[in-house]
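*Asks:* One file: work.pdb (PDB, C-alpha atoms, pLDDT in the B column).
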MODEL        1
ATOM      1  CA  MET A   1     144.371 137.280 102.773  1.00 59.00           C
ATOM      2  CA  SER A   2     144.072 134.122 104.788  1.00 79.00           C
ATOM      3  CA  GLU A   3     142.036 131.081 103.758  1.00 80.00           C
ATOM      4  CA  PRO A   4     138.996 130.329 105.902  1.00 83.00           C
ATOM      5  CA  VAL A   5     139.506 127.186 107.969  1.00 90.00           C
ATOM      6  CA  LEU A   6     136.783 124.545 107.930  1.00 90.00           C
ATOM      7  CA  THR A   7     135.887 122.500 110.938  1.00 94.00           C
ATOM      8  CA  LYS A   8     136.033 118.713 110.760  1.00 95.00           C
ATOM      9  CA  GLU A   9     132.247 118.519 110.605  1.00 96.00           C
ATOM     10  CA  GLU A  10     132.062 121.069 107.772  1.00 95.00           C
ATOM     11  CA  ARG A  11     134.737 119.210 105.837  1.00 95.00           C
ATOM     12  CA  ARG A  12     132.922 115.894 106.371  1.00 97.00           C
ATOM     13  CA  SER A  13     129.619 117.437 105.216  1.00 96.00           C
ATOM     14  CA  LEU A  14     131.259 118.755 102.053  1.00 96.00           C
ATOM     15  CA  GLN A  15     132.843 115.383 101.333  1.00 97.00           C
ATOM     16  CA  LEU A  16     129.505 113.627 101.708  1.00 97.00           C
ATOM     17  CA  TRP A  17     127.769 116.218  99.547  1.00 97.00           C
ATOM     18  CA  PHE A  18     130.385 115.887  96.772  1.00 97.00           C
ATOM     19  CA  ARG A  19     130.226 112.088  96.903  1.00 97.00           C
ATOM     20  CA  GLN A  20     126.463 112.222  96.520  1.00 97.00           C
ATOM     21  CA  ALA A  21     126.701 114.703  93.642  1.00 97.00           C
ATOM     22  CA  ILE A  22     129.295 112.545  91.855  1.00 97.00           C
ATOM     23  CA  ALA A  23     127.131 109.444  92.351  1.00 97.00           C
ATOM     24  CA  GLU A  24     124.131 111.225  90.811  1.00 97.00           C
ATOM     25  CA  VAL A  25     126.172 112.302  87.788  1.00 97.00           C
ATOM     26  CA  GLU A  26     127.560 108.776  87.322  1.00 97.00           C
ATOM     27  CA  LYS A  27     124.060 107.310  87.614  1.00 97.00           C
ATOM     28  CA  ALA A  28     122.769 109.677  84.927  1.00 96.00           C
ATOM     29  CA  GLU A  29     125.709 108.814  82.641  1.00 96.00           C
ATOM     30  CA  VAL A  30     125.163 105.068  83.044  1.00 94.00           C
ATOM     31  CA  THR A  31     121.442 105.460  82.388  1.00 93.00           C
ATOM     32  CA  THR A  32     122.166 107.412  79.202  1.00 93.00           C
ATOM     33  CA  GLN A  33     124.680 104.794  78.027  1.00 93.00           C
ATOM     34  CA  LEU A  34     122.252 101.932  78.683  1.00 91.00           C
ATOM     35  CA  ILE A  35     119.480 103.733  76.824  1.00 89.00           C
ATOM     36  CA  LYS A  36     121.763 104.301  73.837  1.00 89.00           C
ATOM     37  CA  ARG A  37     123.151 100.760  73.893  1.00 88.00           C
ATOM     38  CA  HIS A  38     119.800  98.986  74.121  1.00 84.00           C
ATOM     39  CA  GLY A  39     117.819 101.440  72.004  1.00 80.00           C
ATOM     40  CA  LEU A  40     115.335 102.180  74.745  1.00 71.00           C
ATOM     41  CA  THR A  41     113.328 105.347  74.965  1.00 64.00           C
ATOM     42  CA  GLU A  42     113.712 107.411  78.076  1.00 53.00           C
ATOM     43  CA  SER A  43     110.533 107.695  80.116  1.00 57.00           C
ATOM     44  CA  ASP A  44     109.501 109.520  83.261  1.00 54.00           C
ATOM     45  CA  GLY A  45     109.776 106.380  85.342  1.00 59.00           C
ATOM     46  CA  HIS A  46     106.398 104.991  84.353  1.00 61.00           C
ATOM     47  CA  ARG A  47     106.001 101.896  82.280  1.00 61.00           C
ATOM     48  CA  SER A  48     104.370 102.198  78.947  1.00 60.00           C
ATOM     49  CA  ILE A  49     101.008 100.526  78.624  1.00 64.00           C
ATOM     50  CA  VAL A  50     101.408  97.198  76.900  1.00 67.00           C
ATOM     51  CA  SER A  51      98.327  95.415  75.705  1.00 67.00           C
ATOM     52  CA  ARG A  52      98.241  91.727  76.450  1.00 71.00           C
ATOM     53  CA  ARG A  53      96.251  88.991  74.879  1.00 73.00           C
ATOM     54  CA  ARG A  54      93.117  87.927  76.599  1.00 68.00           C
ATOM     55  CA  ALA A  55      92.578  84.262  77.209  1.00 64.00           C
ATOM     56  CA  PRO A  56      89.778  82.713  75.169  1.00 62.00           C
ATOM     57  CA  ARG A  57      86.448  82.924  76.961  1.00 62.00           C
ATOM     58  CA  ASN A  58      85.959  79.181  77.135  1.00 61.00           C
ATOM     59  CA  LEU A  59      89.173  78.820  79.194  1.00 56.00           C
ATOM     60  CA  GLN A  60      88.112  81.517  81.604  1.00 55.00           C
ATOM     61  CA  SER A  61      84.640  80.076  82.113  1.00 58.00           C
ATOM     62  CA  THR A  62      86.051  76.573  82.726  1.00 58.00           C
ATOM     63  CA  HIS A  63      88.297  77.962  85.400  1.00 57.00           C
ATOM     64  CA  HIS A  64      85.397  79.673  87.135  1.00 58.00           C
ATOM     65  CA  LYS A  65      83.331  76.504  86.960  1.00 59.00           C
ATOM     66  CA  GLU A  66      86.146  74.575  88.630  1.00 60.00           C
ATOM     67  CA  LEU A  67      86.301  77.110  91.455  1.00 59.00           C
ATOM     68  CA  VAL A  68      82.549  76.910  92.004  1.00 58.00           C
ATOM     69  CA  ALA A  69      82.566  73.101  91.932  1.00 56.00           C
ATOM     70  CA  GLN A  70      85.275  72.904  94.597  1.00 55.00           C
ATOM     71  CA  SER A  71      83.550  75.197  97.063  1.00 49.00           C
TER      72      SER A  71
ENDMDL
END
The structure given in the file should be rewritten as structure tokens.

*Replies:*
Amino acid sequence: MSEPVLTKEERRSLQLWFRQAIAEVEKAEVTTQLIKRHGLTESDGHRSIVSRRRAPRNLQSTHHKELVAQS
């Protein structure tokens, strides 16, 4: 039985598809290695909520007073 012959465009499409698939696999492998190396937890792409310290109230009120005085 003879092998089906691909056109140049079909061959080019397959090459591009395989390159993209290989790039996705490599990206996933690198991500996994970085997570293991740095001890990070894998998330769904969203940052975890990190609480930050609030500035003391007297510093905030001084700043607002300066803005009002300049206007």

*Asks:* Need the axis-aligned box for stretch 20-36 of chain A with 8 Å each side, so what are the centre and edges in Å to one decimal, as AutoDock Vina command-line options?

*Replies:*
--center_x 124.4 --center_y 108.3 --center_z 85.2 --size_x 25.8 --size_y 28.8 --size_z 38.7

*Asks:* In Å, rounded to a single decimal, give me how far atom CA of A:Gly39 is from atom CA of A:Arg52.

*Replies:*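 A separation of 22.3 Å between them.
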
*Asks:* Between atom CA of A:Thr7 and atom CA of A:Val25, what is the distance in Å, rounded to a tenth?

*Replies:*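 We find that atom CA of A:Thr7 and atom CA of A:Val25 lie 27.1 Å from each other.
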
*Asks:* How far is it from atom CA of A:Ser2 to atom CA of A:Gln15, in Å with one decimal?

*Replies:*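 Atom CA of A:Ser2 sits 22.1 Å away from atom CA of A:Gln15.
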